[in-house]
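**Q** If it helps, the file is called query.txt and holds compact mmCIF, C-alpha atoms:
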```txt
# COMPACT_ATOMS: atom_id res chain seq x y z
CA MET A 1 0.00 0.00 0.00
CA LYS A 2 1.45 3.36 -1.01
CA LEU A 3 0.48 6.24 1.25
CA LYS A 4 -0.78 9.38 -0.43
CA ILE A 5 1.18 12.59 -0.03
CA GLY A 6 -0.35 14.58 2.81
CA THR A 7 -1.67 11.54 4.70
CA SER A 8 -1.67 12.25 8.43
CA LEU A 9 0.16 9.72 10.61
CA ILE A 10 -0.07 9.32 14.37
CA LEU A 11 3.10 7.84 15.89
CA GLU A 12 3.19 6.08 19.25
CA ALA A 13 6.55 4.92 20.63
CA THR A 14 6.83 1.16 21.17
CA ASN A 15 10.44 0.71 22.36
CA THR A 16 10.10 2.54 25.67
CA ASP A 17 8.51 1.80 29.03
CA LYS A 18 7.68 5.47 29.58
CA ASP A 19 4.20 6.93 29.10
CA VAL A 20 4.89 9.24 26.15
CA ASP A 21 2.60 11.50 24.15
CA LYS A 22 1.58 10.68 20.62
CA LEU A 23 3.13 12.48 17.67
CA ARG A 24 1.49 13.74 14.52
CA CYS A 25 3.16 14.11 11.12
CA ARG A 26 2.33 14.06 7.42
CA VAL A 27 3.61 11.96 4.55
CA VAL A 28 5.80 14.00 2.18
CA GLU A 29 6.72 11.14 -0.16
CA GLN A 30 7.05 7.37 -0.36
CA VAL A 31 9.72 5.62 -2.38
CA ASP A 32 9.49 1.82 -2.34
CA ASN A 33 9.58 0.76 1.33
CA VAL A 34 10.61 4.17 2.72
CA ILE A 35 8.14 6.81 3.89
CA TYR A 36 9.36 10.40 4.14
CA ILE A 37 7.56 12.48 6.78
CA ASP A 38 7.85 16.05 7.99
CA TYR A 39 9.12 16.58 11.51
CA PRO A 40 6.40 15.33 13.88
CA VAL A 41 4.60 17.48 16.44
CA ASN A 42 3.57 16.39 19.93
CA THR A 43 -0.24 16.14 19.95
CA ILE A 44 -0.48 17.56 23.48
CA THR A 45 2.22 20.26 23.63
CA ASN A 46 2.28 21.13 19.89
CA LYS A 47 6.08 21.16 20.08
CA THR A 48 8.28 19.63 17.38
CA ALA A 49 9.71 16.22 18.29
CA PHE A 50 13.17 15.11 17.16
CA LEU A 51 13.41 11.39 16.44
CA VAL A 52 16.61 9.39 16.70
CA ASP A 53 17.59 6.65 14.27
CA GLY A 54 16.38 3.26 15.42
CA ALA A 55 13.38 4.63 17.33
CA GLN A 56 10.40 2.32 16.86
CA PHE A 57 6.78 3.38 16.55
CA ARG A 58 3.30 2.13 15.86
CA ALA A 59 1.86 4.34 13.12
CA THR A 60 -1.85 4.77 12.44
CA PHE A 61 -3.64 6.55 9.61
CA THR A 62 -7.09 6.83 8.07
CA THR A 63 -7.82 6.58 4.37
CA GLU A 64 -10.21 8.78 2.39
CA ASP A 65 -12.77 5.96 2.81
CA LYS A 66 -12.58 6.41 6.63
CA VAL A 67 -10.81 3.07 7.07
CA SER A 68 -8.06 3.10 9.71
CA TYR A 69 -4.85 1.08 9.50
CA ALA A 70 -1.84 0.57 11.77
CA PHE A 71 1.69 -0.68 11.13
CA ASN A 72 5.00 -0.93 12.96
CA THR A 73 7.82 1.26 11.73
CA GLU A 74 11.33 2.46 12.56
CA VAL A 75 13.30 5.65 11.97
CA ILE A 76 16.06 4.86 9.47
CA GLY A 77 17.47 8.29 8.62
CA ARG A 78 16.90 11.82 7.38
CA ARG A 79 16.82 13.60 4.06
CA LYS A 80 16.44 17.24 3.16
CA TRP A 81 14.26 17.90 0.12
CA HIS A 82 12.32 21.16 -0.12
CA ILE A 83 11.77 20.61 3.63
CA PRO A 84 13.66 18.50 6.20
CA THR A 85 12.20 14.98 6.35
CA ILE A 86 12.54 11.87 8.47
CA MET A 87 12.70 8.45 6.84
CA LEU A 88 10.48 5.68 8.18
CA LEU A 89 10.55 2.05 7.19
CA CYS A 90 7.30 0.94 5.54
CA PRO A 91 6.43 -2.76 5.97
CA PRO A 92 4.77 -4.89 3.27
CA VAL A 93 1.06 -4.24 2.82
CA GLU A 94 0.17 -7.64 4.31
CA GLU A 95 1.59 -6.41 7.62
CA PHE A 96 -0.82 -3.48 7.77
CA GLU A 97 -3.47 -4.01 10.45
CA LYS A 98 -7.01 -2.90 9.74
CA MET A 99 -8.35 -1.29 12.89
CA GLN A 100 -11.85 -1.83 14.16
CA ARG A 101 -13.99 1.17 15.04
CA ARG A 102 -13.28 2.00 18.69
CA GLN A 103 -15.93 2.48 21.34
CA TYR A 104 -15.21 5.66 23.25
CA VAL A 105 -16.04 6.31 26.88
CA ARG A 106 -18.95 8.73 27.20
CA ILE A 107 -18.78 11.15 30.13
CA ARG A 108 -21.73 13.06 31.53
CA THR A 109 -20.39 16.61 31.77
CA ALA A 110 -21.08 20.13 30.56
CA ALA A 111 -19.13 21.64 27.67
CA ASP A 112 -20.06 24.69 25.60
CA VAL A 113 -20.92 23.98 21.97
CA ALA A 114 -21.63 26.33 19.07
CA VAL A 115 -23.78 24.81 16.32
CA GLU A 116 -23.78 26.31 12.83
CA TYR A 117 -26.93 25.55 10.87
CA ASN A 118 -27.95 27.38 7.68
CA ASN A 119 -25.25 29.99 8.38
CA ILE A 120 -26.74 30.84 11.79
CA PHE A 121 -25.00 30.03 15.08
CA TYR A 122 -26.75 28.56 18.12
CA GLN A 123 -25.29 28.04 21.60
CA TYR A 124 -25.78 24.79 23.54
CA VAL A 125 -24.33 22.83 26.46
CA THR A 126 -23.59 19.11 26.40
CA GLU A 127 -25.38 16.54 28.53
CA ASP A 128 -22.59 14.06 27.75
CA ILE A 129 -19.71 13.69 25.33
CA SER A 130 -17.26 11.15 23.90
CA ALA A 131 -14.79 11.13 21.02
CA GLY A 132 -17.54 9.56 18.91
CA GLY A 133 -20.41 11.96 19.61
CA MET A 134 -22.35 13.93 22.19
CA ALA A 135 -25.80 14.84 23.45
CA LEU A 136 -26.89 18.48 23.57
CA LYS A 137 -29.35 19.98 26.02
CA LEU A 138 -32.13 21.79 24.16
CA THR A 139 -33.95 24.63 25.88
CA SER A 140 -36.28 25.21 22.92
CA ALA A 141 -37.22 23.58 19.62
CA PRO A 142 -33.98 23.25 17.62
CA PRO A 143 -33.71 24.51 14.02
CA PHE A 144 -32.33 21.13 12.90
CA GLU A 145 -34.03 17.74 12.74
CA ALA A 146 -32.98 14.11 13.10
CA GLY A 147 -31.17 12.91 9.98
CA GLU A 148 -29.59 16.29 9.20
CA ARG A 149 -25.91 17.23 9.38
CA ILE A 150 -24.69 20.21 11.39
CA HIS A 151 -21.32 21.82 12.06
CA THR A 152 -20.17 22.09 15.67
CA THR A 153 -17.42 23.88 17.58
CA ILE A 154 -16.77 22.34 21.00
CA VAL A 155 -14.95 24.27 23.73
CA LEU A 156 -12.71 22.00 25.82
CA PRO A 157 -11.09 23.58 28.93
CA TYR A 158 -8.35 21.58 30.64
CA ASN A 159 -7.06 21.49 34.20
CA ASN A 160 -3.83 23.29 33.27
CA GLY A 161 -5.73 26.27 31.85
CA ASP A 162 -5.42 25.29 28.18
CA ILE A 163 -8.50 25.55 25.97
CA LYS A 164 -8.96 23.60 22.74
CA TYR A 165 -11.62 24.25 20.11
CA VAL A 166 -12.69 21.14 18.24
CA LYS A 167 -14.54 21.76 14.98
CA THR A 168 -16.35 18.82 13.42
CA ASP A 169 -19.47 17.95 11.45
CA ALA A 170 -22.03 15.75 13.14
CA ASN A 171 -25.13 13.80 12.15
CA VAL A 172 -28.25 14.41 14.23
CA ILE A 173 -29.21 10.86 15.25
CA ARG A 174 -32.37 11.65 17.21
CA ILE A 175 -34.11 14.23 19.36
CA PHE A 176 -35.72 12.82 22.49
CA GLU A 177 -36.92 13.45 26.04
CA LYS A 178 -35.06 12.18 29.12
CA ASN A 179 -35.80 13.14 32.73
CA ASN A 180 -37.87 16.13 31.61
CA GLN A 181 -34.99 17.35 29.43
CA THR A 182 -35.01 17.52 25.63
CA LEU A 183 -31.78 16.19 24.14
CA ALA A 184 -30.25 15.93 20.68
CA SER A 185 -28.00 12.92 20.12
CA LEU A 186 -25.16 13.65 17.68
CA GLN A 187 -22.59 11.41 15.98
CA PHE A 188 -19.34 13.00 14.78
CA THR A 189 -18.60 12.34 11.13
CA ASP A 190 -15.20 13.77 10.25
CA THR A 191 -13.26 14.22 13.48
CA ASP A 192 -9.54 13.77 12.85
CA ASP A 193 -7.27 11.81 15.18
CA ILE A 194 -5.87 14.90 16.90
CA ASP A 195 -9.30 16.29 17.75
CA LYS A 196 -10.36 12.86 19.02
CA GLN A 197 -7.36 12.92 21.34
CA TYR A 198 -8.40 16.35 22.61
CA ILE A 199 -11.86 15.02 23.45
CA VAL A 200 -10.47 11.85 25.04
CA ARG A 201 -8.15 13.95 27.20
CA PHE A 202 -11.06 16.20 28.25
CA CYS A 203 -13.21 13.18 29.15
CA PHE A 204 -10.35 11.58 31.07
CA GLU A 205 -9.80 14.71 33.17
CA ARG A 206 -13.52 15.05 33.92
CA GLN A 207 -13.73 11.36 34.80
CA LEU A 208 -10.84 11.70 37.26
CA ALA A 209 -12.47 14.77 38.82
CA MET A 210 -15.74 12.88 39.33
CA ARG A 211 -13.88 9.96 40.93
CA ARG A 212 -12.16 12.32 43.36
CA VAL A 213 -15.51 13.80 44.36
CA GLU A 214 -16.98 10.33 44.92
CA ALA A 215 -13.94 9.29 46.95
CA GLN A 216 -14.36 12.30 49.24
CA LYS A 217 -17.91 11.23 50.02
CA ILE A 218 -16.76 7.88 51.39
```
Transcribe the structure of this file into structure tokens.

**A**
Amino acid sequence: MKLKIGTSLILEATNTDKDVDKLRCRVVEQVDNVIYIDYPVNTITNKTAFLVDGAQFRATFTTEDKVSYAFNTEVIGRRKWHIPTIMLLCPPVEEFEKMQRRQYVRIRTAADVAVEYNNIFYQYVTEDISAGGMALKLTSAPPFEAGERIHTTIVLPYNNGDIKYVKTDANVIRIFEKNNQTLASLQFTDTDDIDKQYIVRFCFERQLAMRRVEAQKI
């Protein structure tokens, strides 16, 4: 399988016992069994990472057909074309692993969401959220209906003061009543791997906070 120029790769170190952040890079070129990537960026700190020869990683990517694959790779050198690149070993296509769609943990928590529909913006708050979708609290009849697609901007504040803004389209799955509250269930449709990591991180922090509160009650 030859990777298209511009394909986004997520790299996760495999030859270390340390808990390290994931790295994001893009494919600049592929020649035979060598992939040339730009210098990767840490998905959490947004700082450039410098990889040493021999470093081993598990790389994941998603095709235009929304199919995700993973493969093991190793840094084998550097080459300067129009930009500095890092050379990764590309295994035979039969060693690529097709990844199953992951089930993400859904956390009941409030996050501000702006919904764009027919060029008009509406403000909502989440009832719950995961990297795969969310439920919005509706205080009045929404302009959108089940089966339609909307564009959302989700505000994710973190414990360290950082704020990330995740922009993604979503399908409106259904609008329903629960505990005297009207909710809209949404499924994200084009969230990239980095934005998914932002949501997962947000959910993880909120989950830890809720566990601390429960522990204090004991």

**Q** I'd like the contact shell of Asp190 of chain A - 9 Å cut-off, all atoms listed in the file, skipping same-chain residues fewer than 3 positions apart - returned as a list in words.

**A** Lys66, Thr168, Asp169 and Ala170 of chain A

**Q** Using all atoms listed in the file, determine which residues lie at most 7 Å from Leu136 of chain A, disregarding the query and same-chain residues fewer than 5 positions distant; provide the list as a ChimeraX atom specification.

**A** /A:124-127,183-185

**Q** Keeping C-alpha atoms, export the residues of the selection given above as a PDB file, keeping the file's coordinate frame.

**A**
```pdb
ATOM      1  CA  TYR A 124     -25.780  24.790  23.540  1.00  0.00           C
ATOM      2  CA  VAL A 125     -24.330  22.830  26.460  1.00  0.00           C
ATOM      3  CA  THR A 126     -23.590  19.110  26.400  1.00  0.00           C
ATOM      4  CA  GLU A 127     -25.380  16.540  28.530  1.00  0.00           C
ATOM      5  CA  LEU A 183     -31.780  16.190  24.140  1.00  0.00           C
ATOM      6  CA  ALA A 184     -30.250  15.930  20.680  1.00  0.00           C
ATOM      7  CA  SER A 185     -28.000  12.920  20.120  1.00  0.00           C
TER       8      SER A 185
END
```

**Q** I'd like the interatomic distance between atom CA of Gly132 of chain A and atom CA of Cys203 of chain A, to a tenth of an Å.

**A** 11.7 Å

**Q** If I take atom CA of Pro84 of chain A and atom CA of Leu51 of chain A, how far is one from the other in Å, to one decimal?

**A**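 So the two atoms, atom CA of Pro84 of chain A and atom CA of Leu51 of chain A, lie 12.5 Å apart.
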
**Q** Near segment 147-164 of chain A, within 10 Å and counting only C-alpha atoms, which residues show up once chain neighbours fewer than 4 positions away are dropped, as a PDB file with C-alpha atoms, in the frame of the given file?

**A**
```pdb
ATOM      1  CA  ALA A 110     -21.080  20.130  30.560  1.00  0.00           C
ATOM      2  CA  ALA A 111     -19.130  21.640  27.670  1.00  0.00           C
ATOM      3  CA  ASP A 112     -20.060  24.690  25.600  1.00  0.00           C
ATOM      4  CA  VAL A 113     -20.920  23.980  21.970  1.00  0.00           C
ATOM      5  CA  ALA A 114     -21.630  26.330  19.070  1.00  0.00           C
ATOM      6  CA  VAL A 115     -23.780  24.810  16.320  1.00  0.00           C
ATOM      7  CA  GLU A 116     -23.780  26.310  12.830  1.00  0.00           C
ATOM      8  CA  TYR A 117     -26.930  25.550  10.870  1.00  0.00           C
ATOM      9  CA  ASN A 118     -27.950  27.380   7.680  1.00  0.00           C
ATOM     10  CA  ASN A 119     -25.250  29.990   8.380  1.00  0.00           C
ATOM     11  CA  PHE A 121     -25.000  30.030  15.080  1.00  0.00           C
ATOM     12  CA  TYR A 122     -26.750  28.560  18.120  1.00  0.00           C
ATOM     13  CA  GLN A 123     -25.290  28.040  21.600  1.00  0.00           C
ATOM     14  CA  TYR A 124     -25.780  24.790  23.540  1.00  0.00           C
ATOM     15  CA  VAL A 125     -24.330  22.830  26.460  1.00  0.00           C
ATOM     16  CA  THR A 126     -23.590  19.110  26.400  1.00  0.00           C
ATOM     17  CA  THR A 168     -16.350  18.820  13.420  1.00  0.00           C
ATOM     18  CA  ASP A 169     -19.470  17.950  11.450  1.00  0.00           C
ATOM     19  CA  ALA A 170     -22.030  15.750  13.140  1.00  0.00           C
ATOM     20  CA  ASN A 171     -25.130  13.800  12.150  1.00  0.00           C
ATOM     21  CA  VAL A 172     -28.250  14.410  14.230  1.00  0.00           C
ATOM     22  CA  ILE A 173     -29.210  10.860  15.250  1.00  0.00           C
ATOM     23  CA  ARG A 174     -32.370  11.650  17.210  1.00  0.00           C
ATOM     24  CA  ILE A 175     -34.110  14.230  19.360  1.00  0.00           C
ATOM     25  CA  LEU A 186     -25.160  13.650  17.680  1.00  0.00           C
ATOM     26  CA  GLN A 187     -22.590  11.410  15.980  1.00  0.00           C
ATOM     27  CA  PHE A 188     -19.340  13.000  14.780  1.00  0.00           C
ATOM     28  CA  THR A 189     -18.600  12.340  11.130  1.00  0.00           C
ATOM     29  CA  ASP A 195      -9.300  16.290  17.750  1.00  0.00           C
ATOM     30  CA  TYR A 198      -8.400  16.350  22.610  1.00  0.00           C
ATOM     31  CA  ILE A 199     -11.860  15.020  23.450  1.00  0.00           C
ATOM     32  CA  ARG A 201      -8.150  13.950  27.200  1.00  0.00           C
ATOM     33  CA  PHE A 202     -11.060  16.200  28.250  1.00  0.00           C
ATOM     34  CA  CYS A 203     -13.210  13.180  29.150  1.00  0.00           C
ATOM     35  CA  GLU A 205      -9.800  14.710  33.170  1.00  0.00           C
ATOM     36  CA  ARG A 206     -13.520  15.050  33.920  1.00  0.00           C
ATOM     37  CA  ALA A 209     -12.470  14.770  38.820  1.00  0.00           C
TER      38      ALA A 209
END
```

**Q** Reconstruct N, CA and C atoms of segment 156-171 of chain A; output as a CSV table (one decimal), in the coordinates of the input.

**A**
```csv
chain,number,residue,atom,x,y,z
A,156,LEU,N,-13.2,23.0,24.9
A,156,LEU,CA,-12.7,22.0,25.8
A,156,LEU,C,-11.7,22.7,26.7
A,157,PRO,N,-12.1,23.0,28.0
A,157,PRO,CA,-11.1,23.6,28.9
A,157,PRO,C,-10.4,22.5,29.7
A,158,TYR,N,-9.1,22.6,29.9
A,158,TYR,CA,-8.4,21.6,30.6
A,158,TYR,C,-7.9,22.1,32.0
A,159,ASN,N,-7.5,21.2,32.8
A,159,ASN,CA,-7.1,21.5,34.2
A,159,ASN,C,-5.9,22.5,34.3
A,160,ASN,N,-5.0,22.4,33.3
A,160,ASN,CA,-3.8,23.3,33.3
A,160,ASN,C,-4.1,24.7,32.7
A,161,GLY,N,-5.4,25.0,32.4
A,161,GLY,CA,-5.7,26.3,31.8
A,161,GLY,C,-5.8,26.3,30.3
A,162,ASP,N,-5.3,25.3,29.6
A,162,ASP,CA,-5.4,25.3,28.2
A,162,ASP,C,-6.9,25.2,27.7
A,163,ILE,N,-7.2,25.7,26.6
A,163,ILE,CA,-8.5,25.6,26.0
A,163,ILE,C,-8.3,25.1,24.5
A,164,LYS,N,-9.0,24.1,24.1
A,164,LYS,CA,-9.0,23.6,22.7
A,164,LYS,C,-10.4,23.8,22.1
A,165,TYR,N,-10.4,24.1,20.8
A,165,TYR,CA,-11.6,24.2,20.1
A,165,TYR,C,-11.7,23.2,19.0
A,166,VAL,N,-12.6,22.2,19.2
A,166,VAL,CA,-12.7,21.1,18.2
A,166,VAL,C,-13.8,21.5,17.3
A,167,LYS,N,-13.5,21.5,16.0
A,167,LYS,CA,-14.5,21.8,15.0
A,167,LYS,C,-14.8,20.5,14.2
A,168,THR,N,-16.0,20.1,14.1
A,168,THR,CA,-16.4,18.8,13.4
A,168,THR,C,-17.8,18.8,13.0
A,169,ASP,N,-18.1,18.2,11.9
A,169,ASP,CA,-19.5,18.0,11.4
A,169,ASP,C,-20.1,16.8,12.3
A,170,ALA,N,-21.4,16.8,12.4
A,170,ALA,CA,-22.0,15.8,13.1
A,170,ALA,C,-23.4,15.5,12.5
A,171,ASN,N,-23.8,14.2,12.6
A,171,ASN,CA,-25.1,13.8,12.2
A,171,ASN,C,-26.1,13.8,13.4
```
